[in-house]
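Okay, upload31.csv now, which holds CSV, C-alpha atoms:
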chain,number,residue,atom,x,y,z
A,1,MET,CA,-48.9,69.8,-5.5
A,2,ASN,CA,-50.1,66.8,-3.4
A,3,ASP,CA,-49.6,64.4,-6.3
A,4,ILE,CA,-45.9,65.6,-6.7
A,5,ILE,CA,-45.3,65.1,-3.0
A,6,LEU,CA,-46.9,61.7,-3.2
A,7,LEU,CA,-44.8,60.8,-6.3
A,8,ILE,CA,-41.5,61.8,-4.6
A,9,SER,CA,-42.5,60.0,-1.3
A,10,SER,CA,-43.3,56.9,-3.3
A,11,VAL,CA,-40.0,56.9,-5.1
A,12,GLY,CA,-38.4,57.1,-1.6
A,13,ALA,CA,-40.7,54.2,-0.3
A,14,GLY,CA,-39.8,52.0,-3.3
A,15,PHE,CA,-36.1,52.8,-2.8
A,16,LEU,CA,-36.1,52.0,0.9
A,17,GLY,CA,-38.2,48.9,0.3
A,18,ALA,CA,-35.7,47.5,-2.1
A,19,ILE,CA,-32.8,48.2,0.2
A,20,LEU,CA,-34.4,46.8,3.3
A,21,GLY,CA,-36.3,44.0,1.7
A,22,ILE,CA,-39.7,45.2,2.7
A,23,GLY,CA,-42.7,46.3,0.7
A,24,GLY,CA,-43.5,50.0,0.3
A,25,GLY,CA,-46.9,49.6,2.0
A,26,MET,CA,-45.5,50.2,5.5
A,27,ILE,CA,-44.2,53.6,4.3
A,28,ILE,CA,-46.9,54.7,1.8
A,29,VAL,CA,-50.0,54.2,4.0
A,30,PRO,CA,-48.7,56.5,6.8
A,31,VAL,CA,-47.6,59.1,4.1
A,32,LEU,CA,-51.0,59.1,2.6
A,33,THR,CA,-53.0,59.1,5.9
A,34,LEU,CA,-50.8,61.2,8.3
A,35,TRP,CA,-49.3,63.6,5.8
A,36,LEU,CA,-51.8,64.0,3.0
A,37,HIS,CA,-54.9,63.3,5.2
A,38,VAL,CA,-56.3,60.7,2.7
A,39,ASP,CA,-58.9,58.3,4.2
A,40,ILE,CA,-57.1,55.1,5.3
A,41,ARG,CA,-59.4,52.9,3.1
A,42,TYR,CA,-58.2,54.7,-0.1
A,43,ALA,CA,-54.6,54.6,1.2
A,44,VAL,CA,-54.8,50.8,1.8
A,45,ALA,CA,-56.3,50.2,-1.7
A,46,ALA,CA,-53.6,52.4,-3.4
A,47,SER,CA,-50.8,50.6,-1.5
A,48,LEU,CA,-52.1,47.2,-2.5
A,49,ILE,CA,-51.9,48.2,-6.2
A,50,SER,CA,-48.3,49.2,-5.8
A,51,ILE,CA,-47.5,45.9,-4.1
A,52,VAL,CA,-49.0,44.0,-7.1
A,53,ALA,CA,-46.8,46.1,-9.4
A,54,THR,CA,-43.5,45.6,-7.6
A,55,SER,CA,-44.0,42.0,-6.8
A,56,SER,CA,-44.9,41.1,-10.3
A,57,SER,CA,-42.0,42.9,-11.9
A,58,ALA,CA,-39.5,41.4,-9.5
A,59,ALA,CA,-40.7,37.8,-9.8
A,60,ALA,CA,-38.3,37.1,-12.7
A,61,SER,CA,-35.2,38.0,-10.7
A,62,PHE,CA,-36.3,36.0,-7.7
A,63,LEU,CA,-36.8,32.9,-9.9
A,64,LYS,CA,-33.5,33.4,-11.6
A,65,ASP,CA,-31.6,33.0,-8.4
A,66,HIS,CA,-33.0,29.4,-8.0
A,67,LEU,CA,-34.1,30.2,-4.5
A,68,THR,CA,-37.9,30.4,-4.9
A,69,ASN,CA,-39.8,27.1,-4.1
A,70,LEU,CA,-42.6,27.3,-6.6
A,71,ARG,CA,-44.5,24.3,-5.3
A,72,VAL,CA,-44.5,25.6,-1.7
A,73,ALA,CA,-45.5,29.1,-3.0
A,74,ILE,CA,-48.6,27.7,-4.8
A,75,LEU,CA,-49.9,25.8,-1.7
A,76,LEU,CA,-49.3,28.7,0.6
A,77,GLU,CA,-51.0,31.1,-1.8
A,78,VAL,CA,-54.2,29.2,-0.9
A,79,GLY,CA,-53.9,30.4,2.7
A,80,THR,CA,-53.0,34.0,1.7
A,81,VAL,CA,-55.8,34.4,-0.9
A,82,PHE,CA,-58.5,33.1,1.5
A,83,GLY,CA,-57.0,35.3,4.2
A,84,ALA,CA,-57.3,38.3,1.9
A,85,ILE,CA,-60.9,37.5,1.2
A,86,THR,CA,-61.6,37.4,5.0
A,87,GLY,CA,-59.6,40.7,5.4
A,88,PHE,CA,-61.6,42.3,2.7
A,89,LEU,CA,-64.9,41.2,4.4
A,90,ILE,CA,-63.7,42.6,7.7
A,91,SER,CA,-62.7,45.9,6.1
A,92,SER,CA,-66.3,46.4,5.0
A,93,PHE,CA,-67.5,46.5,8.6
A,94,ILE,CA,-64.5,47.7,10.6
A,95,ASN,CA,-64.3,51.3,11.8
A,96,ALA,CA,-61.4,53.4,10.4
A,97,SER,CA,-60.0,54.1,13.9
A,98,TYR,CA,-59.4,50.3,14.5
A,99,LEU,CA,-57.5,50.2,11.2
A,100,TYR,CA,-55.2,52.9,12.4
A,101,LEU,CA,-54.7,51.1,15.7
A,102,LEU,CA,-54.0,47.8,14.0
A,103,PHE,CA,-51.6,49.5,11.6
A,104,GLY,CA,-49.7,51.1,14.5
A,105,ILE,CA,-49.5,47.7,16.3
A,106,PHE,CA,-48.3,46.0,13.1
A,107,LEU,CA,-45.6,48.7,12.6
A,108,LEU,CA,-44.3,48.2,16.2
A,109,PHE,CA,-44.3,44.4,15.6
A,110,SER,CA,-42.4,44.9,12.3
A,111,ALA,CA,-39.8,47.2,14.1
A,112,VAL,CA,-39.2,44.4,16.6
A,113,MET,CA,-39.0,41.7,13.9
A,114,MET,CA,-36.5,43.7,11.9
A,115,PHE,CA,-34.1,43.3,14.8
A,116,ARG,CA,-34.8,39.6,15.1
A,117,LYS,CA,-31.9,37.3,14.6
A,118,ARG,CA,-33.2,34.9,12.0
A,119,GLU,CA,-32.0,31.4,12.5
A,120,ASP,CA,-31.0,29.6,9.4
A,121,SER,CA,-32.4,26.0,9.6
A,122,LEU,CA,-31.9,23.1,7.4
A,123,SER,CA,-34.6,20.5,8.2
A,124,GLN,CA,-34.1,16.8,7.6
A,125,ASN,CA,-37.7,16.0,8.6
A,126,ASP,CA,-40.2,16.0,5.7
A,127,HIS,CA,-43.9,16.6,6.7
A,128,SER,CA,-46.3,14.1,5.1
A,129,TRP,CA,-47.8,16.9,2.9
A,130,SER,CA,-44.4,17.9,1.8
A,131,LYS,CA,-43.7,14.3,0.8
A,132,ARG,CA,-46.9,14.0,-1.1
A,133,LEU,CA,-46.4,17.3,-2.9
A,134,ASN,CA,-42.7,16.9,-3.5
A,135,PHE,CA,-41.7,20.1,-1.7
A,136,ALA,CA,-38.1,19.0,-0.7
A,137,SER,CA,-35.7,20.8,-3.0
A,138,SER,CA,-32.2,22.3,-3.0
A,139,PHE,CA,-30.7,25.8,-3.3
A,140,PRO,CA,-27.3,27.1,-4.5
A,141,THR,CA,-24.7,28.4,-2.1
A,142,GLN,CA,-22.1,31.1,-2.7
A,143,ARG,CA,-19.5,28.3,-3.2
A,144,GLY,CA,-21.5,27.1,-6.2
A,145,ASP,CA,-22.8,23.8,-4.7
A,146,PHE,CA,-26.4,22.9,-3.9
A,147,VAL,CA,-27.8,22.3,-0.4
A,148,SER,CA,-30.8,20.0,0.0
A,149,TYR,CA,-33.6,20.9,2.4
A,150,LYS,CA,-37.0,19.4,3.5
A,151,VAL,CA,-40.1,21.1,4.7
A,152,GLU,CA,-41.8,20.7,8.2
A,153,ASN,CA,-45.1,21.8,9.7
A,154,VAL,CA,-46.9,22.6,6.4
A,155,PRO,CA,-50.4,23.0,8.0
A,156,LEU,CA,-49.1,25.5,10.6
A,157,GLY,CA,-47.4,27.4,7.8
A,158,LEU,CA,-50.7,27.5,5.9
A,159,GLY,CA,-52.4,28.8,9.0
A,160,PHE,CA,-49.9,31.6,9.4
A,161,MET,CA,-50.4,32.5,5.7
A,162,TYR,CA,-54.1,32.9,6.3
A,163,VAL,CA,-53.4,35.5,9.0
A,164,ALA,CA,-50.8,37.2,6.7
A,165,GLY,CA,-53.5,37.4,4.0
A,166,ILE,CA,-56.0,39.0,6.4
A,167,LEU,CA,-53.5,41.7,7.5
A,168,SER,CA,-52.5,42.3,3.9
A,169,ALA,CA,-56.0,43.1,2.8
A,170,LEU,CA,-56.9,45.1,5.9
A,171,LEU,CA,-53.7,47.2,6.1
A,172,GLY,CA,-52.5,47.4,2.5
A,173,ILE,CA,-49.2,45.7,3.2
A,174,GLY,CA,-47.4,42.7,1.7
A,175,SER,CA,-47.1,40.9,5.1
A,176,GLY,CA,-43.7,39.7,4.0
A,177,ILE,CA,-42.5,39.8,7.6
A,178,LEU,CA,-45.3,37.3,8.7
A,179,LYS,CA,-44.7,35.1,5.6
A,180,VAL,CA,-41.0,34.8,6.3
A,181,LEU,CA,-41.7,34.1,10.0
A,182,ALA,CA,-44.0,31.2,8.9
A,183,MET,CA,-41.6,29.8,6.4
A,184,ASP,CA,-38.3,29.9,8.3
A,185,GLY,CA,-39.8,29.8,11.8
A,186,ALA,CA,-42.5,27.2,11.4
A,187,MET,CA,-41.7,25.3,8.2
A,188,LYS,CA,-38.0,25.4,8.7
A,189,LEU,CA,-37.2,26.5,5.2
A,190,PRO,CA,-33.7,27.9,4.7
A,191,MET,CA,-33.6,31.7,5.2
A,192,LYS,CA,-32.9,32.6,1.6
A,193,VAL,CA,-35.5,30.3,0.3
A,194,SER,CA,-38.2,31.7,2.6
A,195,SER,CA,-37.4,35.3,1.6
A,196,ALA,CA,-37.5,34.6,-2.1
A,197,THR,CA,-40.6,32.5,-1.9
A,198,SER,CA,-42.4,35.1,0.3
A,199,ASN,CA,-41.5,37.9,-2.3
A,200,PHE,CA,-42.8,35.7,-5.1
A,201,MET,CA,-46.1,35.2,-3.4
A,202,ILE,CA,-46.8,38.7,-2.3
A,203,GLY,CA,-48.3,39.8,-5.7
A,204,VAL,CA,-51.0,37.1,-5.7
A,205,THR,CA,-51.9,37.9,-2.1
A,206,ALA,CA,-52.2,41.6,-2.8
A,207,THR,CA,-54.1,41.2,-6.1
A,208,ALA,CA,-56.9,39.2,-4.3
A,209,SER,CA,-57.9,42.2,-2.2
A,210,ALA,CA,-56.8,44.8,-4.7
A,211,GLY,CA,-59.2,43.4,-7.3
A,212,ALA,CA,-62.1,43.5,-4.8
A,213,TYR,CA,-61.3,47.1,-3.7
A,214,PHE,CA,-61.0,48.1,-7.4
A,215,ILE,CA,-64.4,46.8,-8.2
A,216,ARG,CA,-65.9,48.3,-5.0
A,217,GLY,CA,-64.6,51.7,-6.3
A,218,ASP,CA,-61.9,52.4,-3.7
A,219,ILE,CA,-59.1,52.8,-6.1
A,220,HIS,CA,-58.7,56.3,-7.5
A,221,PRO,CA,-56.1,57.0,-10.3
A,222,GLN,CA,-55.1,60.3,-8.8
A,223,ILE,CA,-53.8,58.5,-5.7
A,224,VAL,CA,-52.8,55.2,-7.2
A,225,ALA,CA,-50.9,56.6,-10.2
A,226,PRO,CA,-48.2,58.6,-8.4
A,227,VAL,CA,-47.9,55.7,-5.8
A,228,ALA,CA,-47.5,52.9,-8.3
A,229,VAL,CA,-45.2,54.8,-10.7
A,230,GLY,CA,-43.1,56.2,-7.9
A,231,ILE,CA,-42.6,52.8,-6.2
A,232,ILE,CA,-41.7,51.1,-9.5
A,233,ILE,CA,-39.0,53.8,-10.2
A,234,GLY,CA,-37.8,53.9,-6.6
A,235,SER,CA,-37.4,50.1,-6.3
A,236,ALA,CA,-35.5,49.9,-9.6
A,237,ILE,CA,-33.1,52.5,-8.3
A,238,GLY,CA,-32.9,50.8,-4.9
A,239,ALA,CA,-32.1,47.4,-6.4
A,240,ARG,CA,-29.1,49.0,-8.2
A,241,ALA,CA,-27.9,51.0,-5.2
A,242,LEU,CA,-28.2,48.0,-2.9
A,243,VAL,CA,-24.6,46.8,-3.3
A,244,LYS,CA,-23.2,50.2,-2.6
A,245,MET,CA,-25.1,51.0,0.5
A,246,ASN,CA,-24.8,50.0,4.2
A,247,ALA,CA,-28.1,48.4,4.7
A,248,GLN,CA,-27.5,47.8,8.4
A,249,VAL,CA,-27.2,51.6,9.2
A,250,ILE,CA,-30.3,52.4,7.1
A,251,ARG,CA,-32.2,49.5,8.9
A,252,LYS,CA,-31.4,51.0,12.3
A,253,ILE,CA,-32.6,54.5,11.3
A,254,PHE,CA,-35.7,53.0,9.7
A,255,VAL,CA,-36.6,51.1,12.8
A,256,ILE,CA,-36.6,54.3,14.8
A,257,LEU,CA,-38.8,56.0,12.2
A,258,LEU,CA,-41.1,53.0,12.2
A,259,THR,CA,-41.5,53.2,15.9
A,260,ILE,CA,-42.4,57.0,15.8
A,261,VAL,CA,-44.9,56.5,12.9
A,262,SER,CA,-46.5,53.5,14.7
A,263,ILE,CA,-47.1,55.8,17.7
A,264,GLU,CA,-48.6,58.5,15.5
A,265,MET,CA,-50.9,56.0,13.8
A,266,MET,CA,-52.1,54.8,17.2
A,267,ILE,CA,-52.7,58.4,18.4
A,268,LYS,CA,-54.7,59.1,15.2
A,269,GLY,CA,-56.7,55.9,15.8
A,270,PHE,CA,-57.6,57.0,19.3
A,271,SER,CA,-58.5,60.5,18.2
A,272,LEU,CA,-61.0,59.4,15.5
B,1,MET,CA,-39.4,17.7,-14.5
B,2,LYS,CA,-38.6,20.5,-12.0
B,3,ASP,CA,-36.2,22.2,-14.4
B,4,SER,CA,-38.7,22.5,-17.2
B,5,LEU,CA,-41.2,23.8,-14.7
B,6,PHE,CA,-38.6,26.3,-13.7
B,7,SER,CA,-37.8,27.5,-17.2
B,8,LEU,CA,-41.5,27.9,-18.1
B,9,GLU,CA,-42.1,29.9,-14.9
B,10,LEU,CA,-39.2,32.1,-15.7
B,11,PHE,CA,-40.7,32.8,-19.1
B,12,ILE,CA,-44.0,33.7,-17.4
B,13,ALA,CA,-42.2,35.9,-14.9
B,14,LYS,CA,-40.5,37.9,-17.7
B,15,PHE,CA,-43.9,38.3,-19.4
B,16,LEU,CA,-45.2,39.7,-16.1
B,17,ARG,CA,-42.4,42.2,-15.9
B,18,TYR,CA,-43.2,43.6,-19.3
B,19,GLY,CA,-46.9,43.5,-18.4
B,20,VAL,CA,-46.2,45.6,-15.3
B,21,TYR,CA,-44.3,48.2,-17.3
B,22,THR,CA,-47.0,48.4,-19.9
B,23,SER,CA,-49.8,48.8,-17.4
B,24,ALA,CA,-47.8,51.3,-15.4
B,25,PHE,CA,-47.3,53.3,-18.7
B,26,PHE,CA,-51.1,53.4,-19.2
B,27,ILE,CA,-51.7,54.4,-15.6
B,28,ALA,CA,-49.1,57.2,-15.8
B,29,VAL,CA,-50.4,58.5,-19.2
B,30,GLY,CA,-54.0,58.5,-17.8
B,31,TRP,CA,-52.9,60.3,-14.7
B,32,ILE,CA,-51.2,63.1,-16.8
B,33,LEU,CA,-54.3,63.4,-18.9
B,34,ILE,CA,-56.5,63.7,-15.8
B,35,SER,CA,-54.2,66.3,-14.3
B,36,LEU,CA,-54.3,68.4,-17.5
B,37,LYS,CA,-58.1,68.3,-17.7
B,38,SER,CA,-59.2,68.8,-14.2
B,39,PRO,CA,-57.5,70.7,-11.3
B,40,GLU,CA,-56.3,68.6,-8.4
B,41,ASP,CA,-58.9,68.2,-5.7
B,42,TRP,CA,-57.6,66.1,-2.8
B,43,SER,CA,-60.3,67.1,-0.3
B,44,GLN,CA,-62.6,64.5,-1.9
B,45,PHE,CA,-60.3,61.7,-0.6
B,46,GLN,CA,-60.4,62.9,3.0
B,47,GLN,CA,-63.7,61.3,3.6
B,48,TYR,CA,-64.6,57.8,2.5
B,49,HIS,CA,-67.4,57.8,-0.1
B,50,PRO,CA,-68.0,54.3,-1.5
B,51,GLN,CA,-69.0,54.4,-5.1
B,52,PRO,CA,-69.0,51.2,-7.2
B,53,LEU,CA,-66.7,51.0,-10.2
B,54,SER,CA,-69.7,50.5,-12.4
B,55,ASP,CA,-71.1,54.0,-11.4
B,56,VAL,CA,-67.6,55.6,-11.8
B,57,MET,CA,-67.4,54.1,-15.3
B,58,LEU,CA,-70.8,55.5,-16.3
B,59,GLN,CA,-69.8,58.9,-15.0
B,60,ILE,CA,-66.5,58.8,-17.0
B,61,TRP,CA,-68.4,57.7,-20.1
B,62,ALA,CA,-70.8,60.6,-19.7
B,63,THR,CA,-68.0,63.2,-19.2
B,64,GLN,CA,-65.8,61.6,-21.9
B,65,ASN,CA,-62.8,61.9,-19.6
B,66,ILE,CA,-60.2,59.8,-21.6
B,67,GLY,CA,-57.6,60.1,-18.9
B,68,TYR,CA,-59.7,58.0,-16.5
B,69,LEU,CA,-60.4,55.4,-19.1
B,70,VAL,CA,-56.7,55.0,-19.9
B,71,SER,CA,-55.7,54.7,-16.3
B,72,TYR,CA,-58.5,52.3,-15.4
B,73,ALA,CA,-57.5,50.2,-18.4
B,74,GLY,CA,-53.9,50.1,-17.0
B,75,LEU,CA,-55.2,49.3,-13.5
B,76,THR,CA,-57.3,46.4,-14.8
B,77,ALA,CA,-54.4,44.9,-16.7
B,78,LEU,CA,-52.1,45.2,-13.6
B,79,ILE,CA,-54.6,43.5,-11.3
B,80,LEU,CA,-55.1,40.7,-13.8
B,81,LEU,CA,-51.3,39.9,-14.1
B,82,PRO,CA,-50.9,37.7,-11.0
B,83,PHE,CA,-54.2,36.0,-11.9
B,84,ILE,CA,-52.7,35.2,-15.4
B,85,ARG,CA,-49.5,33.9,-13.7
B,86,VAL,CA,-51.4,31.4,-11.5
B,87,LEU,CA,-53.5,30.4,-14.6
B,88,MET,CA,-50.4,29.7,-16.6
B,89,THR,CA,-48.7,27.8,-13.7
B,90,SER,CA,-51.7,25.5,-13.4
B,91,ALA,CA,-51.6,24.9,-17.2
B,92,ILE,CA,-48.0,23.9,-16.8
B,93,PHE,CA,-48.8,21.5,-14.0
B,94,ILE,CA,-51.6,19.9,-16.1
B,95,LYS,CA,-49.2,19.5,-19.0
B,96,GLN,CA,-46.7,17.7,-16.8
B,97,LYS,CA,-49.5,15.5,-15.4
B,98,GLU,CA,-49.1,16.9,-11.9
B,99,TYR,CA,-52.8,16.9,-11.3
B,100,LEU,CA,-52.7,17.5,-7.5
B,101,MET,CA,-50.5,20.6,-7.9
B,102,ALA,CA,-52.7,21.8,-10.8
B,103,ALA,CA,-55.8,21.4,-8.5
B,104,ILE,CA,-54.1,23.4,-5.8
B,105,ALA,CA,-53.4,26.2,-8.3
B,106,GLY,CA,-57.0,25.9,-9.4
B,107,VAL,CA,-58.1,26.5,-5.8
B,108,VAL,CA,-56.0,29.7,-5.8
B,109,LEU,CA,-57.7,30.8,-9.0
B,110,LEU,CA,-61.1,30.1,-7.6
B,111,GLY,CA,-60.2,32.1,-4.5
B,112,LEU,CA,-59.0,35.0,-6.6
B,113,THR,CA,-62.2,34.9,-8.8
B,114,PHE,CA,-64.3,34.8,-5.6
B,115,SER,CA,-62.5,37.8,-4.1
B,116,PHE,CA,-63.0,39.9,-7.3
B,117,LEU,CA,-66.7,39.0,-7.2
B,118,MET,CA,-67.0,40.2,-3.6
B,119,GLY,CA,-66.2,43.7,-4.8
B,120,PHE,CA,-69.5,43.6,-6.6
B,121,GLU,CA,-71.5,42.3,-3.7
B,122,LEU,CA,-70.4,44.6,-0.8
As a first step, turn the structure in this file into structure tokens.
Amino acid sequence: MNDIILLISSVGAGFLGAILGIGGGMIIVPVLTLWLHVDIRYAVAASLISIVATSSSAAASFLKDHLTNLRVAILLEVGTVFGAITGFLISSFINASYLYLLFGIFLLFSAVMMFRKREDSLSQNDHSWSKRLNFASSFPTQRGDFVSYKVENVPLGLGFMYVAGILSALLGIGSGILKVLAMDGAMKLPMKVSSATSNFMIGVTATASAGAYFIRGDIHPQIVAPVAVGIIIGSAIGARALVKMNAQVIRKIFVILLTIVSIEMMIKGFSL
Amino acid sequence: MKDSLFSLELFIAKFLRYGVYTSAFFIAVGWILISLKSPEDWSQFQQYHPQPLSDVMLQIWATQNIGYLVSYAGLTALILLPFIRVLMTSAIFIKQKEYLMAAIAGVVLLGLTFSFLMGFEL
């Protein structure tokens, strides 16, 4: 029965993830741990596999929109992959109760960030690394013309990505919120470019730690199969429903849910 | 130069999409086979018992549980997909004589390889 519950929850997580532009990890880890009482380390590993699946299958649509900056993505993947290695190392020594607490704090942070008014910037200053690696590019607008942009603060962005990688490996999340914060906050990339580039990178970040967890033996088909299959189905339905739904209302309800779950995760962390 | 990079990447991305669907199919079939053969026992996941994949594989081999083999094959393919994407991207950069970008992609590949190896060590 638990696997059917998990399959249905994962379809829901994939659906919500597609509508709200978040990964399913924030939803699926609490479902597994709080509801089905699975150890958080198995939950994190299962969630990472589902992130690899959704990110890899969506990469084509992100690229087709001409919004992803491939060159920026490749450089920043250096930060996230080495962050993921560090996160995996920490996970080998950290107590499960700290993972719950960290997850709870991250969910609260995410709830706040979902209400953040993102400022769309269009930088005219090109960082020396950006010049060297030819990062400046352009993206299409709804009017059909192209807008050029440059890239600032590349080393700071890389540092943020390292932290995003650590959190991804520790908590089984895509860290999209942190990646976007680094790209449009620090590197001044246009909002649409940073969202698309972040989504494109998430699969590589997640596979770094997912591979290590897999070889360590933390990935069990009975948990991973319903999660991965459910999230793939849910996100495919969500992407189609996106145009018909009022994402703003769903977002507000989700933020309330996120806050409640974050408190529950912290309580569980203290009780262990 | 950027456009040809883009169209090649798009080709890789489409390949990845079909790769995900194929590996998800294997994972799902394996899961159904496991469920048919053995009753569900979730209590084993409530406590963390680290057991290396190599041990798990030997156990599966001994019990001849095909469901596990099929789903682990799907999982392996899925985890390797992003690795293949970076590998192909670095090959494209080399072909376009963009050696610095190819080297950066190479560092990502090294990082990924290193992280997989860490699963054996710890």
Once you count all atoms listed in the file, what closest atom pair and distance in Å to one decimal does each residue of chain A within 8 Å of chain B have, with rows by chain and rising residue number, as CSV?
residue,atom,partner,partner_atom,distance
A:Asn2,CA,B:Trp42,CA,7.6
A:His37,CA,B:Gln46,CA,5.9
A:Val38,CA,B:Gln46,CA,4.7
A:Asp39,CA,B:Gln46,CA,5.0
A:Arg41,CA,B:Tyr48,CA,7.2
A:Tyr42,CA,B:Phe45,CA,7.3
A:Ile49,CA,B:Ile79,CA,7.4
A:Val52,CA,B:Ile79,CA,7.0
A:Ala53,CA,B:Val20,CA,6.0
A:Ser56,CA,B:Leu16,CA,6.0
A:Ser57,CA,B:Arg17,CA,4.1
A:Ala58,CA,B:Arg17,CA,7.1
A:Ala59,CA,B:Ala13,CA,5.6
A:Ala60,CA,B:Ala13,CA,4.6
A:Leu63,CA,B:Leu10,CA,6.3
A:Lys64,CA,B:Leu10,CA,7.1
A:Arg71,CA,B:Met101,CA,7.5
A:Ile74,CA,B:Ala105,CA,6.1
A:Leu75,CA,B:Ile104,CA,6.3
A:Glu77,CA,B:Val108,CA,6.6
A:Val78,CA,B:Val108,CA,5.2
A:Val81,CA,B:Gly111,CA,6.1
A:Phe82,CA,B:Gly111,CA,6.3
A:Ala84,CA,B:Ser115,CA,8.0
A:Ile85,CA,B:Ser115,CA,5.5
A:Ser92,CA,B:Leu122,CA,7.3
A:Leu133,CA,B:Met101,CA,7.3
A:Gly203,CA,B:Pro82,CA,6.3
A:Val204,CA,B:Pro82,CA,5.3
A:Thr207,CA,B:Ile79,CA,5.7
A:Ala208,CA,B:Leu112,CA,5.2
A:Ser209,CA,B:Ser115,CA,6.6
A:Ala210,CA,B:Ile79,CA,7.1
A:Gly211,CA,B:Phe116,CA,5.2
A:Ala212,CA,B:Gly119,CA,4.1
A:Tyr213,CA,B:Gly119,CA,6.1
A:Phe214,CA,B:Leu53,CA,7.0
A:Ile215,CA,B:Gly119,CA,4.9
A:Arg216,CA,B:Gly119,CA,4.6
A:Gly217,CA,B:Leu53,CA,4.5
A:Asp218,CA,B:Pro50,CA,6.8
A:Pro221,CA,B:Trp31,CA,6.4
A:Gln222,CA,B:Trp31,CA,6.3
A:Ala225,CA,B:Ile27,CA,5.9
A:Pro226,CA,B:Ala28,CA,7.6
A:Ala228,CA,B:Ala24,CA,7.3
A:Val229,CA,B:Ala24,CA,6.4
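Going from atom CA of Val255 of chain A to atom CA of Ala111 of chain A covers 5.2 Å.
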Quick one: residues within 9 Å of Ala182 of chain A, all atoms listed in the file counted, chain neighbours fewer than 3 positions away excluded, as a PyMOL selection string? chain A and resi 156-161+177-179+185-188+194
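Picture a line from atom CA of Ser128 of chain A to atom CA of Val154 of chain A; it runs 8.6 Å.
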Enter the distance from atom CA of Ala196 of chain A to atom CA of Thr68 of chain A, in Å, rounded to one decimal.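 Rounded to one decimal, the two atoms are 5.1 Å apart.
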All residues 8 Å or closer to Asn125 of chain A, only C-alpha atoms, same chain fewer than 2 positions away omitted, as JSON, numbers by chain: {"A": [123, 127, 150, 151, 152]}
Compare A:Ile219, A:Val72, A:Leu20, A:Ile5 by their minimum atom-to-atom distance to Phe135 of chain A, counting only C-alpha atoms, and give me the closest one.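 Residue with the minimum atom-to-atom distance to Phe135 of chain A: A:Val72.
The closest residue to Thr80 of chain A, picked from A:Phe254, A:Tyr162, A:Tyr149, A:Phe15 and counting all atoms listed in the file, is A:Tyr162.
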Considering all atoms listed in the file, state which residue in the set A:Leu76, A:Ile267, A:Leu258, A:Ala45 is at the smallest distance from Thr205 of chain A.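 Ranked by minimum distance to Thr205 of chain A, first place goes to A:Leu76.
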Quick one: of A:Ala241, A:Leu7, A:Ile28, A:Met113, who's nearest to Gly176 of chain A, counting only C-alpha atoms? A:Met113
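Shortest separation to Thr197 of chain A among A:Met265, A:Val180, A:Ile223, A:Leu171 occurs at residue A:Val180, atoms counted being all atoms listed in the file.
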Measuring atom to atom with only C-alpha atoms, identify which of A:Ala164, A:Gly174, A:Gly144, A:Gly234 is nearest to Leu48 of chain A.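 Using only C-alpha atoms, Leu48 of chain A sits closest to A:Gly174.
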